[in-house]
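Text of run-v8.txt (compact mmCIF, C-alpha atoms) as supplied:
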# COMPACT_ATOMS: atom_id res chain seq x y z
CA MET J 248 -34.29 -5.81 -0.91
CA VAL J 249 -35.38 -5.68 2.74
CA ASP J 250 -35.73 -1.90 2.54
CA ARG J 251 -37.83 -2.17 -0.62
CA ALA J 252 -40.20 -4.64 1.02
CA LEU J 253 -40.47 -2.88 4.38
CA THR J 254 -39.14 0.67 4.66
CA PHE J 255 -39.81 1.98 1.16
CA ALA J 256 -43.22 0.32 0.94
CA ASP J 257 -44.49 2.54 3.77
CA PRO J 258 -47.09 5.06 2.40
CA GLN J 259 -45.82 7.97 4.52
CA ILE J 260 -42.22 7.44 3.42
CA ILE J 261 -43.29 7.13 -0.21
CA ASN J 262 -45.23 10.40 0.09
CA MET J 263 -42.24 12.25 1.59
CA LEU J 264 -39.87 10.89 -1.06
CA GLN J 265 -42.23 12.00 -3.82
CA ASN J 266 -42.97 15.46 -2.46
CA ASP J 267 -40.28 16.59 -0.01
CA PHE J 268 -37.02 14.98 -1.14
CA VAL J 269 -34.99 14.27 -4.28
CA PRO J 270 -34.25 10.54 -3.90
CA VAL J 271 -30.97 9.29 -5.37
CA ALA J 272 -29.88 5.63 -5.35
CA ILE J 273 -26.23 4.85 -6.04
CA ASP J 274 -23.75 2.04 -5.51
CA GLN J 275 -21.28 3.71 -3.16
CA TRP J 276 -18.62 1.14 -4.14
CA TYR J 277 -18.07 3.33 -7.20
CA GLN J 278 -18.56 6.85 -5.90
CA ARG J 279 -16.19 6.52 -2.94
CA ARG J 280 -13.44 5.52 -5.41
CA GLN J 281 -14.22 7.77 -8.39
CA GLN J 282 -11.75 10.59 -9.04
CA ASP J 283 -14.18 12.95 -10.76
CA ALA J 284 -16.82 15.53 -9.87
CA GLU J 285 -19.41 12.94 -8.89
CA GLY J 286 -16.98 11.09 -6.64
CA ASP J 287 -15.76 14.32 -5.04
CA PHE J 288 -19.34 15.38 -4.25
CA TYR J 289 -20.21 12.02 -2.72
CA ARG J 290 -17.08 11.95 -0.55
CA LYS J 291 -17.85 15.49 0.59
CA ILE J 292 -21.23 14.29 1.87
CA ALA J 293 -20.11 10.94 3.31
CA GLY J 294 -17.04 12.48 4.95
CA GLN J 295 -19.31 14.44 7.28
CA GLY J 296 -20.82 11.22 8.62
CA PRO J 297 -19.42 8.39 10.74
CA ARG J 298 -18.04 6.41 7.78
CA LYS J 299 -15.05 8.50 6.73
CA ASP J 300 -12.76 5.66 5.63
CA PHE J 301 -13.22 5.54 1.86
CA ASN J 302 -11.23 2.31 1.66
CA SER J 303 -14.16 0.60 3.35
CA THR J 304 -17.91 0.64 2.83
CA THR J 305 -19.75 3.90 3.34
CA GLN J 306 -23.21 2.50 2.67
CA GLY J 307 -26.18 4.00 4.42
CA ARG J 308 -28.86 6.66 4.02
CA TYR J 309 -27.61 10.21 3.73
CA ILE J 310 -29.86 13.27 3.82
CA CYS J 311 -28.09 16.39 2.62
CA THR J 312 -28.68 19.82 1.13
CA PRO J 313 -28.14 20.47 -2.60
CA ASP J 314 -24.73 21.99 -1.84
CA GLY J 315 -23.59 18.83 -0.01
CA LYS J 316 -24.13 19.69 3.67
CA LEU J 317 -25.03 16.53 5.58
CA ILE J 318 -28.21 16.82 7.65
CA ALA J 319 -28.69 13.23 8.78
CA PHE J 320 -27.25 9.73 8.40
CA ASN J 321 -28.68 6.32 9.22
CA ASN J 322 -27.81 2.74 8.34
CA ASN J 323 -30.72 1.05 10.09
CA ARG J 324 -33.88 -0.44 8.64
CA GLY J 325 -37.55 -0.09 9.42
CA PRO J 326 -40.17 2.49 8.43
CA GLU J 327 -40.44 3.93 11.95
CA ARG J 328 -36.75 4.83 12.23
CA ILE J 329 -36.36 6.08 8.68
CA GLY J 330 -39.60 8.05 8.79
CA ARG J 331 -38.53 9.79 11.99
CA LEU J 332 -35.11 10.58 10.49
CA MET J 333 -36.71 12.12 7.39
CA ARG J 334 -39.13 14.26 9.39
CA GLU J 335 -36.33 15.54 11.64
CA ALA J 336 -34.25 16.39 8.56
CA LEU J 337 -37.13 18.36 7.05
CA ASP J 338 -37.41 20.39 10.25
CA GLN J 339 -33.71 21.33 9.97
CA PHE J 340 -33.72 22.14 6.26
CA ASP J 341 -33.71 25.84 5.31
CA ALA J 342 -34.59 26.11 1.61
CA ALA J 343 -34.31 29.90 1.54
CA SER J 344 -30.58 29.76 2.29
CA LEU J 345 -29.87 27.75 -0.86
CA GLU J 346 -31.24 30.00 -3.59
CA SER J 347 -27.77 30.57 -5.05
CA VAL J 348 -26.71 26.91 -5.26
CA GLY J 349 -25.95 25.89 -8.84
CA PRO J 350 -25.20 22.59 -10.56
CA ILE J 351 -21.83 20.89 -10.24
CA GLU J 352 -19.54 21.69 -13.14
CA SER J 353 -19.33 18.67 -15.43
CA GLU J 354 -16.03 17.08 -16.38
CA GLU J 355 -14.69 13.81 -17.69
CA VAL J 356 -15.92 10.65 -15.97
CA ASP J 357 -13.34 8.44 -14.23
CA GLU J 358 -13.15 5.71 -16.88
CA ARG J 359 -12.05 3.09 -14.34
CA TYR J 360 -15.54 3.13 -12.92
CA ASP J 361 -17.52 3.73 -16.08
CA GLN J 362 -20.95 2.12 -15.65
CA ARG J 363 -22.27 2.81 -19.14
CA PRO J 364 -23.28 -0.21 -21.28
CA PRO J 365 -21.41 -0.99 -24.52
CA LYS J 366 -22.37 1.32 -27.38
CA ASN J 367 -24.82 -0.33 -29.82
CA GLY J 368 -24.71 -3.52 -27.78
CA LEU J 369 -27.50 -5.65 -26.35
CA ILE J 370 -28.95 -5.69 -22.84
CA LEU J 371 -30.91 -8.54 -21.27
CA ARG J 372 -32.94 -8.19 -18.09
CA VAL J 373 -32.31 -10.99 -15.63
CA ASN J 374 -34.50 -12.06 -12.70
CA CYS J 375 -33.81 -14.83 -10.21
CA LYS J 376 -36.19 -16.60 -7.80
CA VAL J 377 -35.84 -19.41 -5.28
CA LEU J 378 -38.88 -21.58 -5.99
CA GLY J 379 -39.10 -23.54 -2.75
CA GLY J 380 -37.35 -25.35 0.06
CA HIS J 381 -37.68 -22.68 2.75
CA ARG J 382 -38.69 -23.64 6.24
CA PRO J 383 -41.52 -21.80 8.06
CA THR J 384 -40.28 -18.37 9.03
CA ASP J 385 -41.10 -15.03 10.61
CA ASP J 386 -41.96 -11.79 8.80
CA TRP J 387 -38.31 -10.68 8.68
CA THR J 388 -36.83 -13.72 6.96
CA ALA J 389 -39.93 -14.05 4.78
CA VAL J 390 -38.68 -10.96 2.95
CA PHE J 391 -35.60 -12.91 1.89
CA HIS J 392 -37.66 -15.94 0.93
CA ASP J 393 -39.96 -13.89 -1.30
CA ALA J 394 -37.13 -11.92 -2.90
CA VAL J 395 -36.64 -11.69 -6.67
CA GLY J 396 -33.12 -10.85 -7.82
CA ARG J 397 -32.58 -8.27 -10.59
CA ASP J 398 -29.54 -7.98 -12.87
CA ASN J 399 -28.57 -7.27 -16.48
CA VAL J 400 -26.51 -9.07 -19.11
CA TRP J 401 -24.40 -6.96 -21.47
CA PHE J 402 -23.36 -7.96 -25.01
CA THR J 403 -20.99 -5.79 -27.06
CA GLU J 404 -21.87 -4.69 -30.59
CA GLN J 405 -19.47 -7.28 -32.04
CA GLU J 406 -20.98 -10.04 -29.90
CA LYS J 407 -24.45 -9.00 -31.01
CA HIS J 408 -23.39 -9.39 -34.65
CA GLU J 409 -21.80 -12.79 -33.92
CA LEU J 410 -25.03 -14.00 -32.33
CA ALA J 411 -27.07 -12.66 -35.25
CA LYS J 412 -24.83 -14.57 -37.67
CA VAL J 413 -25.55 -17.86 -35.88
CA ILE J 414 -29.27 -17.25 -36.40
CA ALA J 415 -28.84 -16.13 -40.02
CA ASP J 416 -26.82 -19.29 -40.75
CA GLY J 417 -29.70 -21.48 -39.60
CA GLY J 418 -28.63 -22.09 -36.02
CA GLY J 419 -25.68 -23.54 -34.14
CA ASP J 420 -23.79 -23.00 -30.90
CA PHE J 421 -24.04 -19.79 -28.92
CA PRO J 422 -20.79 -17.80 -29.25
CA LYS J 423 -18.32 -19.14 -26.66
CA GLU J 424 -17.71 -15.79 -24.98
CA LEU J 425 -21.44 -15.22 -24.40
CA THR J 426 -21.93 -18.77 -23.14
CA GLN J 427 -19.13 -18.42 -20.60
CA ARG J 428 -20.30 -14.96 -19.51
CA ILE J 429 -23.81 -16.21 -18.86
CA ALA J 430 -22.47 -19.21 -16.95
CA ARG J 431 -19.90 -17.43 -14.79
CA PHE J 432 -21.74 -14.21 -14.02
CA HIS J 433 -25.46 -14.91 -14.36
CA LEU J 434 -26.25 -18.54 -13.51
CA ASN J 435 -26.23 -17.90 -9.78
CA ASP J 436 -28.54 -17.41 -6.81
CA PHE J 437 -28.56 -13.62 -6.41
CA THR J 438 -31.93 -13.30 -4.67
CA ARG J 439 -30.58 -12.26 -1.26
CA GLY J 440 -27.40 -10.33 -2.07
CA GLU J 441 -24.28 -10.44 -4.21
CA PRO J 442 -23.09 -14.05 -4.66
CA PRO J 443 -19.47 -15.10 -5.26
CA ARG J 444 -18.68 -15.17 -8.97
CA TRP J 445 -17.96 -18.53 -10.51
CA ARG J 446 -14.29 -19.05 -11.33
CA PRO J 447 -13.37 -20.46 -14.75
CA ASN J 448 -12.57 -23.91 -13.31
CA GLU J 449 -15.92 -23.99 -11.50
CA VAL J 450 -17.78 -24.08 -14.82
CA LYS J 451 -17.85 -27.86 -15.15
CA SER J 452 -19.98 -27.77 -18.30
CA ILE J 453 -22.10 -25.33 -20.30
CA GLU J 454 -23.91 -25.85 -23.60
CA LEU J 455 -26.22 -23.44 -25.41
CA THR J 456 -27.49 -24.09 -28.93
CA ILE J 457 -29.88 -22.32 -31.27
CA ALA J 458 -32.11 -24.34 -33.62
CA ALA J 459 -33.21 -23.19 -37.08
CA ASP J 460 -36.56 -22.02 -35.66
CA GLY J 461 -34.84 -19.93 -32.95
CA ARG J 462 -35.36 -22.37 -30.08
CA ILE J 463 -32.61 -22.19 -27.46
CA ASP J 464 -31.63 -25.35 -25.58
CA GLY J 465 -28.89 -25.85 -23.06
CA SER J 466 -27.58 -27.15 -19.78
CA ALA J 467 -24.91 -26.20 -17.29
CA HIS J 468 -23.14 -27.54 -14.23
CA LEU J 469 -21.29 -25.16 -11.92
CA GLU J 470 -19.63 -26.25 -8.69
CA THR J 471 -16.89 -25.14 -6.32
CA ALA J 472 -13.89 -27.36 -5.64
CA ASP J 473 -15.08 -28.08 -2.10
CA HIS J 474 -18.56 -29.01 -3.42
CA LYS J 475 -20.20 -26.61 -0.94
CA ARG J 476 -21.87 -24.49 -3.61
CA GLY J 477 -23.19 -25.42 -7.04
CA TYR J 478 -25.94 -25.28 -9.64
CA ARG J 479 -27.15 -27.94 -12.08
CA VAL J 480 -29.50 -26.33 -14.54
CA SER J 481 -31.36 -26.74 -17.83
CA LEU J 482 -32.01 -23.80 -20.16
CA LEU J 483 -34.81 -23.23 -22.66
CA GLY J 484 -35.66 -20.16 -24.69
CA GLN J 485 -36.54 -18.47 -27.96
CA ILE J 486 -34.60 -15.94 -30.02
CA LYS J 487 -35.80 -13.98 -33.03
CA LEU J 488 -34.15 -11.66 -35.53
CA THR J 489 -36.29 -9.35 -37.70
CA ASP J 490 -34.70 -7.25 -40.44
CA GLY J 491 -31.34 -7.67 -38.78
CA GLU J 492 -32.54 -6.54 -35.34
CA PHE J 493 -33.21 -8.65 -32.26
CA THR J 494 -36.93 -8.59 -31.49
CA GLN J 495 -36.99 -11.46 -28.99
CA LEU J 496 -34.57 -13.15 -26.65
CA ASP J 497 -36.37 -15.01 -23.90
CA MET J 498 -34.65 -17.73 -21.91
CA VAL J 499 -35.31 -19.53 -18.63
CA ALA J 500 -32.78 -21.48 -16.59
CA LYS J 501 -34.15 -23.85 -13.96
CA GLY J 502 -32.40 -26.36 -11.74
CA ASN J 503 -31.17 -27.22 -8.27
CA PHE J 504 -28.82 -24.90 -6.41
CA TRP J 505 -26.99 -25.49 -3.16
CA GLY J 506 -24.84 -23.41 -0.86
CA THR J 507 -24.41 -19.75 0.06
CA GLY J 508 -21.83 -16.98 -0.06
CA PRO J 509 -20.73 -14.32 2.44
CA TYR J 510 -23.61 -12.04 1.37
CA THR J 511 -26.30 -14.59 0.44
CA HIS J 512 -27.45 -15.99 3.76
CA PHE J 513 -30.93 -17.39 4.57
CA ALA J 514 -30.91 -19.96 1.75
CA PRO J 515 -32.81 -23.23 2.18
CA GLU J 516 -30.78 -26.16 3.44
CA GLY J 517 -29.47 -28.73 0.98
CA GLU J 518 -30.47 -28.48 -2.67
CA PHE J 519 -33.28 -26.10 -3.60
CA PRO J 520 -34.92 -25.09 -6.91
CA VAL J 521 -33.80 -21.82 -8.49
CA ALA J 522 -35.12 -20.28 -11.72
CA ILE J 523 -33.49 -17.47 -13.69
CA ALA J 524 -35.30 -15.59 -16.47
CA PHE J 525 -33.59 -13.62 -19.25
CA ARG J 526 -35.47 -11.16 -21.45
CA LEU J 527 -34.47 -8.58 -24.04
CA ALA J 528 -34.47 -5.11 -22.44
CA ASP J 529 -36.30 -2.28 -24.21
CA GLY J 530 -35.10 0.66 -22.12
CA SER J 531 -38.49 1.27 -20.49
CA ASP J 532 -37.20 0.28 -17.05
CA PRO J 533 -34.61 2.59 -15.43
CA SER J 534 -32.85 -0.54 -14.21
CA ASP J 535 -32.09 -1.47 -17.82
CA GLY J 536 -29.10 0.86 -17.54
CA MET J 537 -27.76 -0.84 -14.41
CA ILE J 538 -24.29 -2.36 -14.68
CA PRO J 539 -24.24 -6.17 -14.31
CA GLY J 540 -23.24 -7.31 -10.85
CA GLY J 541 -20.50 -9.45 -12.33
CA ALA J 542 -18.96 -6.44 -14.08
CA LYS J 543 -18.74 -4.36 -10.92
CA GLY J 544 -15.06 -3.46 -10.61
CA ASN J 545 -14.48 -6.33 -12.99
CA ARG J 546 -15.39 -5.00 -16.41
CA HIS J 547 -12.39 -6.48 -18.24
CA GLU J 548 -12.94 -10.02 -16.91
CA TYR J 549 -16.68 -9.77 -17.53
CA PHE J 550 -16.05 -9.15 -21.23
CA SER J 551 -13.35 -11.83 -21.46
CA ALA J 552 -15.00 -14.64 -19.51
CA ALA J 553 -13.87 -17.29 -22.01
CA ASP J 554 -10.17 -16.38 -21.81
Is it possible to express this structure as structure tokens?
Amino acid sequence: MVDRALTFADPQIINMLQNDFVPVAIDQWYQRRQQDAEGDFYRKIAGQGPRKDFNSTTQGRYICTPDGKLIAFNNNRGPERIGRLMREALDQFDAASLESVGPIESEEVDERYDQRPPKNGLILRVNCKVLGGHRPTDDWTAVFHDAVGRDNVWFTEQEKHELAKVIADGGGDFPKELTQRIARFHLNDFTRGEPPRWRPNEVKSIELTIAADGRIDGSAHLETADHKRGYRVSLLGQIKLTDGEFTQLDMVAKGNFWGTGPYTHFAPEGEFPVAIAFRLADGSDPSDGMIPGGAKGNRHEYFSAAD
């Protein structure tokens, strides 16, 4: 988020990324664990840097050759530092010596860390924004205040059919599994980092109904046992089915949030307004294929949130 607003908004860095490098963005939480060709290649690169313990985070910026030789590593922010690192790496790179480098031989993916969405399922784009409550700030913390969180919701093919049946029957309650999944893994303040997931007993209430005309109404109350973090929210939306296919699923959740997690600092004090928007994904955005944050290393629980 900070890098996107500062480092990777710099025109010179953008130009180098477009013309001199092959940029790759991954979630190293997966690759450092994966026992497959992709994981092996990543660990080969990262193992040449200072973060060699693959039981801990290896995040950072790695510049390497196509055959996996590390040229430079950095885990700092700021366009000046990153730009200098990239220029120094270009000076060291010898393209002529890599003419014989071929692609990595493909093999089976480590299924434990499979990030592919459910086949024939449904994907919703999710965006989150803190709407106010911040105190005056400097340029650095303003990046956090202006941040918009991005995530996805995944429905399986069976869940998609169950939701379609509710609409075809003239309306009714959202399927329980989908309601609980949305509550536990998506009604959260994820604008500044990965928030703690809501536990089942922290979902105090959640209701989502569909009217005959496709209007979605609902409300939810989520709160930790110590009352230090919570969200009271109303939901409103519209859903449409055309010839058996979903052509619209728009929903907005808006309410007051309070509290932070280990990775969501810089929140306003006390209660502050947070809005979350859900929209049917069409595949035009590369991020549509991104695994939901709540399913990261947690795929089974994500798809059994109501259990």
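Within 10 Å of the point (-39.3, 5.0, 4.4), and counting only C-alpha atoms, the protein, DNA and RNA residues are Asp250, Arg251, Leu253, Thr254, Phe255, Ala256, Asp257, Pro258, Gln259, Ile260, Ile261, Asn262, Met263, Leu264, Arg324, Gly325, Pro326, Glu327, Arg328, Ile329, Gly330, Arg331, Leu332 and Met333 of chain J.
Distances to J:Arg526 were evaluated for J:Val348, J:Val499, J:Ala542, J:Ile318 using all atoms listed in the file, and the minimum falls at J:Val499.
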Inset, instruction - Have a look at J:Pro364, J:Gly396, J:Gly540, J:Pro270 and name the one nearest to J:Cys311; count all atoms listed in the file. - result: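 Between J:Pro364, J:Gly396, J:Gly540, J:Pro270, the residue approaching J:Cys311 most closely is J:Pro270.
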Which stretch 485-536 of chain J residues have any atom within 12 Å of an atom of stretch 427-441 of chain J, and for each, what is the nearest pair of atoms with distance in Å to one decimal, counting all atoms listed in the file, rows sorted by chain and number, as JSON lines?
{"residue": "J:Met498", "atom": "CA", "partner": "J:Ile429", "partner_atom": "CA", "distance": 11.4}
{"residue": "J:Val499", "atom": "CA", "partner": "J:Leu434", "partner_atom": "CA", "distance": 10.5}
{"residue": "J:Ala500", "atom": "CA", "partner": "J:Leu434", "partner_atom": "CA", "distance": 7.8}
{"residue": "J:Lys501", "atom": "CA", "partner": "J:Leu434", "partner_atom": "CA", "distance": 9.5}
{"residue": "J:Gly502", "atom": "CA", "partner": "J:Leu434", "partner_atom": "CA", "distance": 10.1}
{"residue": "J:Asn503", "atom": "CA", "partner": "J:Asp436", "partner_atom": "CA", "distance": 10.3}
{"residue": "J:Phe504", "atom": "CA", "partner": "J:Asp436", "partner_atom": "CA", "distance": 7.5}
{"residue": "J:Trp505", "atom": "CA", "partner": "J:Asp436", "partner_atom": "CA", "distance": 9.0}
{"residue": "J:Gly506", "atom": "CA", "partner": "J:Asp436", "partner_atom": "CA", "distance": 9.2}
{"residue": "J:Thr507", "atom": "CA", "partner": "J:Asp436", "partner_atom": "CA", "distance": 8.4}
{"residue": "J:Gly508", "atom": "CA", "partner": "J:Glu441", "partner_atom": "CA", "distance": 8.1}
{"residue": "J:Pro509", "atom": "CA", "partner": "J:Glu441", "partner_atom": "CA", "distance": 8.5}
{"residue": "J:Tyr510", "atom": "CA", "partner": "J:Gly440", "partner_atom": "CA", "distance": 5.4}
{"residue": "J:Thr511", "atom": "CA", "partner": "J:Gly440", "partner_atom": "CA", "distance": 5.1}
{"residue": "J:His512", "atom": "CA", "partner": "J:Arg439", "partner_atom": "CA", "distance": 7.0}
{"residue": "J:Phe513", "atom": "CA", "partner": "J:Arg439", "partner_atom": "CA", "distance": 7.8}
{"residue": "J:Ala514", "atom": "CA", "partner": "J:Arg439", "partner_atom": "CA", "distance": 8.3}
{"residue": "J:Pro515", "atom": "CA", "partner": "J:Asp436", "partner_atom": "CA", "distance": 11.5}
{"residue": "J:Glu518", "atom": "CA", "partner": "J:Asp436", "partner_atom": "CA", "distance": 12.0}
{"residue": "J:Phe519", "atom": "CA", "partner": "J:Asp436", "partner_atom": "CA", "distance": 10.4}
{"residue": "J:Pro520", "atom": "CA", "partner": "J:Asp436", "partner_atom": "CA", "distance": 10.0}
{"residue": "J:Val521", "atom": "CA", "partner": "J:Asp436", "partner_atom": "CA", "distance": 7.1}
{"residue": "J:Ala522", "atom": "CA", "partner": "J:Asp436", "partner_atom": "CA", "distance": 8.7}
{"residue": "J:Ile523", "atom": "CA", "partner": "J:Leu434", "partner_atom": "CA", "distance": 7.3}
{"residue": "J:Ala524", "atom": "CA", "partner": "J:Leu434", "partner_atom": "CA", "distance": 10.0}
{"residue": "J:Phe525", "atom": "CA", "partner": "J:His433", "partner_atom": "CA", "distance": 9.6}
Quick one: which stretch 334-421 of chain J residues come within 8 Å of stretch 474-497 of chain J, and what is the nearest atom pair for each with the distance in Å to one decimal, counting only C-alpha atoms, rows ordered by chain and ascending number, as CSV?
residue,atom,partner,partner_atom,distance
J:Leu371,CA,J:Leu496,CA,8.0
J:Ala411,CA,J:Leu488,CA,7.2
J:Ile414,CA,J:Leu488,CA,7.5
Using only C-alpha atoms, please write the residues we just selected to a file, as a PDB file, keeping the file's coordinate frame.
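This is the output file out32.pdb:
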ATOM      1  CA  LEU J 371     -30.910  -8.540 -21.270  1.00  0.00           C
ATOM      2  CA  ALA J 411     -27.070 -12.660 -35.250  1.00  0.00           C
ATOM      3  CA  ILE J 414     -29.270 -17.250 -36.400  1.00  0.00           C
TER       4      ILE J 414
END
Which polymer residues, whether protein, DNA or RNA, lie within 8 Å of the coordinate (-33.0, -22.2, -35.1) when you count only C-alpha atoms? List them as an mmCIF file with C-alpha atoms, in the frame of the given file, using the chain letters and numbers from the file.
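Written file, selection_31.cif:
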data_model
loop_
_atom_site.group_PDB
_atom_site.id
_atom_site.type_symbol
_atom_site.label_atom_id
_atom_site.label_comp_id
_atom_site.auth_asym_id
_atom_site.auth_seq_id
_atom_site.Cartn_x
_atom_site.Cartn_y
_atom_site.Cartn_z
ATOM 1 C CA ILE J 414 -29.270 -17.250 -36.400
ATOM 2 C CA GLY J 417 -29.700 -21.480 -39.600
ATOM 3 C CA GLY J 418 -28.630 -22.090 -36.020
ATOM 4 C CA GLY J 419 -25.680 -23.540 -34.140
ATOM 5 C CA ILE J 457 -29.880 -22.320 -31.270
ATOM 6 C CA ALA J 458 -32.110 -24.340 -33.620
ATOM 7 C CA ALA J 459 -33.210 -23.190 -37.080
ATOM 8 C CA ASP J 460 -36.560 -22.020 -35.660
ATOM 9 C CA GLY J 461 -34.840 -19.930 -32.950
ATOM 10 C CA ARG J 462 -35.360 -22.370 -30.080
ATOM 11 C CA ILE J 463 -32.610 -22.190 -27.460
#
Inset, instruction - Could you jot down the atom CA of J:Thr456 to atom CA of J:Thr426 separation for me, Å, one decimal place? - result: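 If I compute the distance from atom CA of J:Thr456 to atom CA of J:Thr426, I get 9.6 Å.
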Inset, instruction - Could you please determine the separation between atom CA of J:Leu410 and atom CA of J:Leu369 in Å, to one decimal place? - result: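 Calculated distance between atom CA of J:Leu410 and atom CA of J:Leu369 is 10.6 Å.
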Inset, instruction - For atom CA of J:Gly530 and atom CA of J:Ile273, quote the distance in Å rounded to one decimal. - result: 18.8 Å
Inset, instruction - Kindly indicate which residue among J:Arg280, J:Ala553, J:Asp464, J:Lys316 lies nearest to J:Asp300, using only C-alpha atoms for the distances. - result: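 Ranking J:Arg280, J:Ala553, J:Asp464, J:Lys316 by distance to J:Asp300, first place goes to J:Arg280.
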